[in-house]
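Next comes coords_38.cif, with mmCIF, C-alpha atoms.
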data_data
loop_
_atom_site.label_atom_id
_atom_site.label_comp_id
_atom_site.auth_asym_id
_atom_site.auth_seq_id
_atom_site.Cartn_x
_atom_site.Cartn_y
_atom_site.Cartn_z
CA ARG T 1 -8.58 -3.69 -0.72
CA ASN T 2 -9.71 -3.72 2.89
CA ALA T 3 -7.60 -0.61 3.55
CA GLY T 4 -9.22 0.07 6.93
CA ILE T 5 -9.21 -3.59 8.07
CA GLU T 6 -12.97 -3.46 8.54
CA SER T 7 -13.39 -6.85 6.76
CA GLY T 8 -11.18 -8.84 9.12
CA THR T 9 -7.80 -9.77 7.68
CA ALA T 10 -9.22 -10.38 4.20
CA ASP T 11 -6.59 -9.51 1.55
CA TRP T 12 -3.79 -9.29 4.17
CA THR T 13 -1.14 -11.84 5.15
CA GLY T 14 1.68 -12.07 7.69
CA THR T 15 3.48 -14.68 5.59
CA PRO T 16 4.25 -13.28 2.14
CA ILE T 17 6.58 -15.37 -0.04
CA GLY T 18 10.22 -15.20 1.07
CA ILE T 19 9.63 -13.06 4.18
CA PRO T 20 9.88 -14.34 7.79
CA ALA T 21 6.43 -14.74 9.33
CA ALA T 22 4.45 -12.36 11.49
CA GLU T 23 1.06 -12.95 13.10
CA ILE T 24 -1.73 -10.66 11.96
CA ASN T 25 -5.25 -10.25 13.25
CA GLN T 26 -8.04 -7.71 13.24
CA SER T 27 -8.16 -5.68 16.45
CA ASN T 28 -10.58 -3.18 17.93
CA ASN T 29 -8.04 -2.04 20.56
CA TYR T 30 -6.98 0.90 18.35
CA ASN T 31 -8.13 2.49 15.11
CA HIS T 32 -6.75 5.46 13.23
CA THR T 33 -9.86 7.23 11.95
CA SER T 34 -13.19 7.90 13.56
CA GLY T 35 -14.97 6.28 10.60
CA GLY T 36 -13.56 2.83 11.35
CA THR T 37 -13.59 0.43 14.26
CA TYR T 38 -10.62 -1.84 13.55
CA SER T 39 -6.94 -1.90 12.72
CA LEU T 40 -4.50 -4.65 11.78
CA ARG T 41 -2.46 -5.97 14.70
CA VAL T 42 1.01 -7.22 13.68
CA ARG T 43 2.91 -9.19 16.31
CA ASN T 44 5.37 -12.01 16.94
CA ARG T 45 7.49 -10.86 14.01
CA LEU T 46 10.28 -13.35 13.33
CA ASP T 47 12.62 -10.71 11.90
CA TRP T 48 12.87 -6.93 11.66
CA TYR T 49 11.53 -6.83 8.11
CA SER T 50 8.58 -9.15 8.89
CA GLY T 51 5.22 -7.44 8.73
CA ALA T 52 1.82 -7.24 7.09
CA ALA T 53 1.53 -7.65 3.32
CA GLN T 54 -1.05 -7.43 0.57
CA TYR T 55 -0.65 -9.09 -2.83
CA ILE T 56 -1.16 -6.74 -5.78
CA ASP T 57 -0.35 -9.09 -8.70
CA GLY T 58 -3.47 -8.13 -10.62
CA TYR T 59 -2.82 -4.39 -10.36
CA VAL T 60 0.91 -3.65 -10.39
CA LYS T 61 2.61 -2.34 -13.53
CA SER T 62 6.28 -3.02 -14.25
CA GLY T 63 8.38 0.10 -13.60
CA GLN T 64 5.35 2.16 -12.44
CA GLN T 65 5.85 4.49 -9.49
CA TYR T 66 3.24 4.38 -6.71
CA TYR T 67 2.52 6.61 -3.75
CA VAL T 68 1.89 4.42 -0.70
CA GLU T 69 0.94 5.21 2.87
CA ALA T 70 -0.18 3.46 6.01
CA TRP T 71 -0.71 4.63 9.56
CA ILE T 72 1.33 2.83 12.24
CA LEU T 73 0.83 2.76 16.00
CA MET T 74 3.27 1.27 18.48
CA PRO T 75 1.37 0.89 21.76
CA SER T 76 4.49 0.33 23.87
CA GLY T 77 8.27 0.13 23.75
CA ILE T 78 10.45 2.82 22.19
CA ALA T 79 10.25 4.68 18.88
CA ARG T 80 11.17 2.55 15.86
CA THR T 81 11.52 3.05 12.11
CA PHE T 82 9.16 1.60 9.49
CA HIS T 83 8.78 1.63 5.73
CA ILE T 84 6.67 0.08 2.99
CA SER T 85 8.31 -2.26 0.48
CA LEU T 86 7.09 -3.37 -2.93
CA TYR T 87 8.26 -6.84 -4.02
CA THR T 88 7.99 -8.34 -7.51
CA LYS T 89 9.11 -11.61 -9.05
CA GLY T 90 8.93 -12.51 -12.71
CA SER T 91 11.52 -14.65 -14.46
CA GLY T 92 14.65 -14.46 -12.32
CA ALA T 93 15.21 -13.27 -8.79
CA GLU T 94 12.78 -11.41 -6.57
CA GLN T 95 13.36 -7.65 -6.41
CA HIS T 96 12.08 -4.96 -4.09
CA ASN T 97 12.09 -1.20 -3.54
CA GLU T 98 11.24 0.69 -0.35
CA SER T 99 9.49 3.90 0.64
CA ASN T 100 10.99 6.58 2.85
CA VAL T 101 11.75 5.57 6.42
CA SER T 102 9.41 7.00 9.06
CA LEU T 103 9.96 7.06 12.81
CA ALA T 104 6.93 5.79 14.72
CA ILE T 105 6.52 7.41 18.14
CA VAL T 106 5.08 5.22 20.89
CA GLY T 107 1.39 5.87 21.51
CA VAL T 108 0.91 8.15 18.47
CA TRP T 109 -0.44 7.19 15.03
CA THR T 110 2.38 7.89 12.55
CA LYS T 111 2.05 8.08 8.77
CA VAL T 112 4.55 5.90 6.91
CA SER T 113 4.55 7.05 3.30
CA GLY T 114 6.53 7.63 0.15
CA ASN T 115 6.92 6.84 -3.50
CA VAL T 116 7.90 3.31 -4.46
CA THR T 117 8.69 2.14 -7.98
CA ALA T 118 7.64 -1.39 -8.90
CA PRO T 119 10.80 -3.24 -9.89
CA ALA T 120 10.72 -4.21 -13.56
CA TRP T 121 10.36 -7.90 -14.30
CA SER T 122 10.65 -10.06 -17.36
CA GLY T 123 8.40 -12.91 -18.39
CA ASN T 124 5.22 -13.63 -16.48
CA LEU T 125 4.76 -12.01 -13.10
CA GLU T 126 4.89 -14.72 -10.43
CA TYR T 127 3.85 -12.42 -7.60
CA ALA T 128 3.86 -8.82 -6.37
CA PHE T 129 3.08 -7.54 -2.90
CA LEU T 130 3.38 -4.49 -0.68
CA LYS T 131 4.66 -5.01 2.86
CA ILE T 132 4.62 -2.76 5.93
CA GLY T 133 7.52 -3.67 8.21
CA GLY T 134 10.53 -2.52 10.16
CA ALA T 135 13.29 -0.47 8.56
CA ASP T 136 16.20 -1.50 10.77
CA SER T 137 17.51 -4.60 12.53
CA LEU T 138 16.44 -3.36 15.99
CA ASN T 139 12.75 -3.23 15.05
CA THR T 140 10.87 -6.42 15.91
CA ALA T 141 8.22 -4.67 18.01
CA ASP T 142 4.50 -5.34 17.71
CA PHE T 143 2.50 -2.63 15.93
CA TYR T 144 -0.90 -1.74 14.55
CA ALA T 145 -1.54 -0.61 10.96
CA ASP T 146 -4.58 1.15 9.51
CA ASP T 147 -5.81 3.25 6.58
CA PHE T 148 -3.56 1.81 3.88
CA LEU T 149 -3.40 3.64 0.53
CA ILE T 150 -1.74 3.01 -2.83
CA ARG T 151 -2.12 5.02 -6.04
CA GLU T 152 -0.15 5.51 -9.21
CA THR T 153 1.94 8.68 -9.31
CA THR T 154 1.02 9.95 -12.72
CA SER T 155 0.27 13.37 -14.04
CA GLY T 156 -1.89 14.77 -16.77
CA ARG T 157 -5.60 14.70 -17.35
CA PHE T 158 -7.74 11.64 -16.77
CA ILE T 159 -11.24 10.56 -17.55
CA TYR T 160 -12.70 8.88 -14.49
CA ARG T 161 -16.24 7.57 -14.06
CA GLN T 162 -17.49 9.33 -17.17
CA THR T 163 -19.19 8.01 -20.28
CA LEU T 164 -18.06 8.97 -23.74
CA GLY T 165 -20.10 8.04 -26.78
CA PRO T 166 -22.19 9.45 -29.60
CA GLY T 167 -24.17 12.28 -28.06
CA ALA T 168 -22.49 11.89 -24.63
CA ASN T 169 -19.71 14.36 -23.93
CA PRO T 170 -19.43 15.14 -20.20
CA PHE T 171 -16.90 17.89 -20.98
CA GLY T 172 -19.48 20.23 -22.50
CA GLY T 173 -17.91 20.45 -25.94
CA ALA T 174 -18.85 18.94 -29.26
CA THR T 175 -17.23 16.45 -31.58
CA ASN T 176 -15.18 17.78 -34.47
CA ALA T 177 -15.37 16.67 -38.12
CA ASN T 178 -13.22 13.63 -37.31
CA GLY T 179 -15.54 12.53 -34.49
CA LEU T 180 -13.04 13.57 -31.79
CA TYR T 181 -14.32 15.14 -28.59
CA GLU T 182 -13.54 18.78 -28.07
CA PRO T 183 -13.86 19.91 -24.46
CA ALA T 184 -15.49 23.25 -23.78
CA SER T 185 -12.31 24.29 -21.93
CA TRP T 186 -9.15 22.63 -20.70
#
Go through the file and emit its structure as structure tokens.
Amino acid sequence: RNAGIESGTADWTGTPIGIPAAEINQSNNYNHTSGGTYSLRVRNRLDWYSGAAQYIDGYVKSGQQYYVEAWILMPSGIARTFHISLYTKGSGAEQHNESNVSLAIVGVWTKVSGNVTAPAWSGNLEYAFLKIGGADSLNTADFYADDFLIRETTSGRFIYRQTLGPGANPFGGATNANGLYEPASW
């Protein structure tokens, strides 16, 4: 939601539960892609792991692995490391997992990406969020983030934006005697 920050800071926060605060605001000083105008400015971080977060309670699956990426720009200072963390809390203590660490070079958009597995929880999910922040205790620098992406890392064949029903088989095959769809070729 609002991956390119074109809708202001809608769906983003600098104060996710249990994380020291950071200020976030929409900025047109920098943007990663030519199709957008804005990015998310993250500044005045109270700790190295403070950053920008987005709640994903309604989407996350316990134990599911996700590919996540965001583009980071540090306009000044020295190169610093960043990663994306996925936090969950059900019954019991909060848990989190982190993506690979990426070194952001000053003045250059850098992709921070990797696979992150949602920590398993028991009971009802209290909250879940993804956070872009520093990866070491020396990193409290201001940064910009843009073009955020998350998707499940699954394999196999999927039906997406297709209709299946009597007389509607987008795969070109027919139904068999049991009423099951038979694709023309797979």
- Message: Could you list, as a ChimeraX atom specification, every residue matched by the PyMOL selection byres ((chain T and resi 50) around 7) in this structure?
- Response: /T:19-22,45-49,51,133
- Using the chain letters and numbering of this document, enumerate as a ChimeraX atom specification the residues selected by the PyMOL selection byres ((chain T and resi 98) around 6). /T:84-85,97,99,116
Selection export as an mmCIF file, in the frame of the given file, atoms kept: C-alpha atoms:
data_model
loop_
_atom_site.group_PDB
_atom_site.id
_atom_site.type_symbol
_atom_site.label_atom_id
_atom_site.label_comp_id
_atom_site.auth_asym_id
_atom_site.auth_seq_id
_atom_site.Cartn_x
_atom_site.Cartn_y
_atom_site.Cartn_z
ATOM 1 C CA ILE T 84 6.670 0.080 2.990
ATOM 2 C CA SER T 85 8.310 -2.260 0.480
ATOM 3 C CA ASN T 97 12.090 -1.200 -3.540
ATOM 4 C CA SER T 99 9.490 3.900 0.640
ATOM 5 C CA VAL T 116 7.900 3.310 -4.460
#
- Item | Explicit residues for the PyMOL selection byres ((chain T and resi 91) around 10) (as a list in words) | Lys89, Gly90, Gly92, Ala93, Glu94, Trp121, Ser122, Gly123, Asn124, Leu125 and Glu126 of chain T
- Item | Counting only C-alpha atoms, the residue of T:Arg151, T:His96, T:Lys111, T:Lys131 that sits nearest Val42 in chain T |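 Residue with the minimum atom-to-atom distance to Val42 in chain T: T:Lys131.
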- Message: List the spatial neighbours of range 60-66 of chain T as a PyMOL selection string - criterion: any atom at most 10 Å away, all atoms listed in the file, same-chain residues fewer than 2 positions off excluded.
- Response: chain T and resi 55-58+68-69+86+88+90+99+114-122+125+127-129+149-154
- Which residue of T:Val101, T:Pro16, T:Val108, T:Asp136 approaches Tyr30 in chain T most closely, using all atoms listed in the file: T:Val108
Shell of 9 Å around range 137-147 of chain T, all atoms listed in the file, local chain residues under 5 positions omitted, as a compact mmCIF listing (two decimals) with C-alpha atoms, in the coordinates of the input:
# COMPACT_ATOMS: atom_id res chain seq x y z
CA ASN T 2 -9.71 -3.72 2.89
CA ALA T 3 -7.60 -0.61 3.55
CA GLY T 4 -9.22 0.07 6.93
CA ILE T 5 -9.21 -3.59 8.07
CA SER T 27 -8.16 -5.68 16.45
CA TYR T 30 -6.98 0.90 18.35
CA ASN T 31 -8.13 2.49 15.11
CA HIS T 32 -6.75 5.46 13.23
CA THR T 33 -9.86 7.23 11.95
CA TYR T 38 -10.62 -1.84 13.55
CA SER T 39 -6.94 -1.90 12.72
CA LEU T 40 -4.50 -4.65 11.78
CA ARG T 41 -2.46 -5.97 14.70
CA VAL T 42 1.01 -7.22 13.68
CA ARG T 43 2.91 -9.19 16.31
CA ASN T 44 5.37 -12.01 16.94
CA ARG T 45 7.49 -10.86 14.01
CA LEU T 46 10.28 -13.35 13.33
CA ASP T 47 12.62 -10.71 11.90
CA TRP T 48 12.87 -6.93 11.66
CA TYR T 49 11.53 -6.83 8.11
CA SER T 50 8.58 -9.15 8.89
CA ALA T 52 1.82 -7.24 7.09
CA GLU T 69 0.94 5.21 2.87
CA ALA T 70 -0.18 3.46 6.01
CA TRP T 71 -0.71 4.63 9.56
CA ILE T 72 1.33 2.83 12.24
CA LEU T 73 0.83 2.76 16.00
CA MET T 74 3.27 1.27 18.48
CA PRO T 75 1.37 0.89 21.76
CA SER T 76 4.49 0.33 23.87
CA GLY T 77 8.27 0.13 23.75
CA ILE T 78 10.45 2.82 22.19
CA ARG T 80 11.17 2.55 15.86
CA THR T 81 11.52 3.05 12.11
CA PHE T 82 9.16 1.60 9.49
CA TRP T 109 -0.44 7.19 15.03
CA ILE T 132 4.62 -2.76 5.93
- CA of Ser102 in chain T to CA of Tyr87 in chain T, distance in Å rounded to a single decimal: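 Computing the Euclidean distance for CA of Ser102 in chain T and CA of Tyr87 in chain T yields 19.1 Å.
Relative to CA of Phe148 in chain T, CA of Gln95 in chain T is found at 21.9 Å.
Here CA of Ser7 in chain T is placed at a distance of 8.4 Å from CA of Gln26 in chain T.
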Write range 7-18 of chain T as a PDB file, in the coordinates of the input, completed to all heavy atoms.
ATOM      1  N   SER T   7     -12.920  -5.521   7.204  1.00  0.00           N
ATOM      2  CA  SER T   7     -13.390  -6.850   6.760  1.00  0.00           C
ATOM      3  C   SER T   7     -12.493  -7.949   7.304  1.00  0.00           C
ATOM      4  O   SER T   7     -12.137  -8.883   6.603  1.00  0.00           O
ATOM      5  CB  SER T   7     -13.416  -6.914   5.231  1.00  0.00           C
ATOM      6  OG  SER T   7     -14.280  -5.943   4.705  1.00  0.00           O
ATOM      7  N   GLY T   8     -12.087  -7.849   8.543  1.00  0.00           N
ATOM      8  CA  GLY T   8     -11.180  -8.840   9.120  1.00  0.00           C
ATOM      9  C   GLY T   8      -9.810  -8.706   8.489  1.00  0.00           C
ATOM     10  O   GLY T   8      -9.377  -7.609   8.155  1.00  0.00           O
ATOM     11  N   THR T   9      -9.131  -9.814   8.295  1.00  0.00           N
ATOM     12  CA  THR T   9      -7.800  -9.770   7.680  1.00  0.00           C
ATOM     13  C   THR T   9      -7.875 -10.145   6.200  1.00  0.00           C
ATOM     14  O   THR T   9      -6.843 -10.450   5.594  1.00  0.00           O
ATOM     15  CB  THR T   9      -6.816 -10.701   8.412  1.00  0.00           C
ATOM     16  OG1 THR T   9      -7.346 -12.023   8.411  1.00  0.00           O
ATOM     17  CG2 THR T   9      -6.582 -10.241   9.842  1.00  0.00           C
ATOM     18  N   ALA T  10      -9.069 -10.083   5.627  1.00  0.00           N
ATOM     19  CA  ALA T  10      -9.220 -10.380   4.200  1.00  0.00           C
ATOM     20  C   ALA T  10      -8.245  -9.525   3.401  1.00  0.00           C
ATOM     21  O   ALA T  10      -8.091  -8.333   3.652  1.00  0.00           O
ATOM     22  CB  ALA T  10     -10.654 -10.095   3.752  1.00  0.00           C
ATOM     23  N   ASP T  11      -7.563 -10.131   2.460  1.00  0.00           N
ATOM     24  CA  ASP T  11      -6.590  -9.510   1.550  1.00  0.00           C
ATOM     25  C   ASP T  11      -5.248  -9.200   2.211  1.00  0.00           C
ATOM     26  O   ASP T  11      -4.359  -8.658   1.574  1.00  0.00           O
ATOM     27  CB  ASP T  11      -7.149  -8.231   0.902  1.00  0.00           C
ATOM     28  CG  ASP T  11      -8.364  -8.514   0.049  1.00  0.00           C
ATOM     29  OD1 ASP T  11      -8.304  -9.451  -0.766  1.00  0.00           O
ATOM     30  OD2 ASP T  11      -9.373  -7.815   0.216  1.00  0.00           O
ATOM     31  N   TRP T  12      -5.053  -9.516   3.475  1.00  0.00           N
ATOM     32  CA  TRP T  12      -3.790  -9.290   4.170  1.00  0.00           C
ATOM     33  C   TRP T  12      -3.166 -10.613   4.577  1.00  0.00           C
ATOM     34  O   TRP T  12      -3.867 -11.591   4.825  1.00  0.00           O
ATOM     35  CB  TRP T  12      -4.005  -8.438   5.422  1.00  0.00           C
ATOM     36  CG  TRP T  12      -4.353  -7.020   5.089  1.00  0.00           C
ATOM     37  CD1 TRP T  12      -5.609  -6.496   4.996  1.00  0.00           C
ATOM     38  CD2 TRP T  12      -3.455  -5.976   4.779  1.00  0.00           C
ATOM     39  NE1 TRP T  12      -5.541  -5.173   4.647  1.00  0.00           N
ATOM     40  CE2 TRP T  12      -4.223  -4.827   4.506  1.00  0.00           C
ATOM     41  CE3 TRP T  12      -2.061  -5.882   4.705  1.00  0.00           C
ATOM     42  CZ2 TRP T  12      -3.646  -3.602   4.167  1.00  0.00           C
ATOM     43  CZ3 TRP T  12      -1.493  -4.660   4.379  1.00  0.00           C
ATOM     44  CH2 TRP T  12      -2.289  -3.543   4.112  1.00  0.00           C
ATOM     45  N   THR T  13      -1.844 -10.652   4.691  1.00  0.00           N
ATOM     46  CA  THR T  13      -1.140 -11.840   5.150  1.00  0.00           C
ATOM     47  C   THR T  13       0.067 -11.420   5.990  1.00  0.00           C
ATOM     48  O   THR T  13       0.627 -10.351   5.789  1.00  0.00           O
ATOM     49  CB  THR T  13      -0.671 -12.733   3.976  1.00  0.00           C
ATOM     50  OG1 THR T  13      -0.030 -13.899   4.495  1.00  0.00           O
ATOM     51  CG2 THR T  13       0.293 -12.001   3.046  1.00  0.00           C
ATOM     52  N   GLY T  14       0.456 -12.270   6.910  1.00  0.00           N
ATOM     53  CA  GLY T  14       1.680 -12.070   7.690  1.00  0.00           C
ATOM     54  C   GLY T  14       2.789 -12.973   7.184  1.00  0.00           C
ATOM     55  O   GLY T  14       3.885 -12.973   7.733  1.00  0.00           O
ATOM     56  N   THR T  15       2.499 -13.739   6.123  1.00  0.00           N
ATOM     57  CA  THR T  15       3.480 -14.680   5.590  1.00  0.00           C
ATOM     58  C   THR T  15       3.625 -14.555   4.073  1.00  0.00           C
ATOM     59  O   THR T  15       3.377 -15.514   3.330  1.00  0.00           O
ATOM     60  CB  THR T  15       3.098 -16.140   5.949  1.00  0.00           C
ATOM     61  OG1 THR T  15       1.773 -16.383   5.457  1.00  0.00           O
ATOM     62  CG2 THR T  15       3.151 -16.375   7.443  1.00  0.00           C
ATOM     63  N   PRO T  16       4.040 -13.394   3.584  1.00  0.00           N
ATOM     64  CA  PRO T  16       4.250 -13.280   2.140  1.00  0.00           C
ATOM     65  C   PRO T  16       5.459 -14.130   1.718  1.00  0.00           C
ATOM     66  O   PRO T  16       6.339 -14.414   2.542  1.00  0.00           O
ATOM     67  CB  PRO T  16       4.519 -11.796   1.929  1.00  0.00           C
ATOM     68  CG  PRO T  16       5.053 -11.323   3.232  1.00  0.00           C
ATOM     69  CD  PRO T  16       4.367 -12.151   4.274  1.00  0.00           C
ATOM     70  N   ILE T  17       5.512 -14.516   0.480  1.00  0.00           N
ATOM     71  CA  ILE T  17       6.580 -15.370  -0.040  1.00  0.00           C
ATOM     72  C   ILE T  17       7.953 -14.779   0.251  1.00  0.00           C
ATOM     73  O   ILE T  17       8.207 -13.608  -0.032  1.00  0.00           O
ATOM     74  CB  ILE T  17       6.405 -15.578  -1.557  1.00  0.00           C
ATOM     75  CG1 ILE T  17       5.102 -16.324  -1.840  1.00  0.00           C
ATOM     76  CG2 ILE T  17       7.593 -16.314  -2.164  1.00  0.00           C
ATOM     77  CD1 ILE T  17       4.716 -16.383  -3.301  1.00  0.00           C
ATOM     78  N   GLY T  18       8.833 -15.591   0.853  1.00  0.00           N
ATOM     79  CA  GLY T  18      10.220 -15.200   1.070  1.00  0.00           C
ATOM     80  C   GLY T  18      10.483 -14.294   2.256  1.00  0.00           C
ATOM     81  O   GLY T  18      11.615 -13.868   2.471  1.00  0.00           O
TER      82      GLY T  18
END
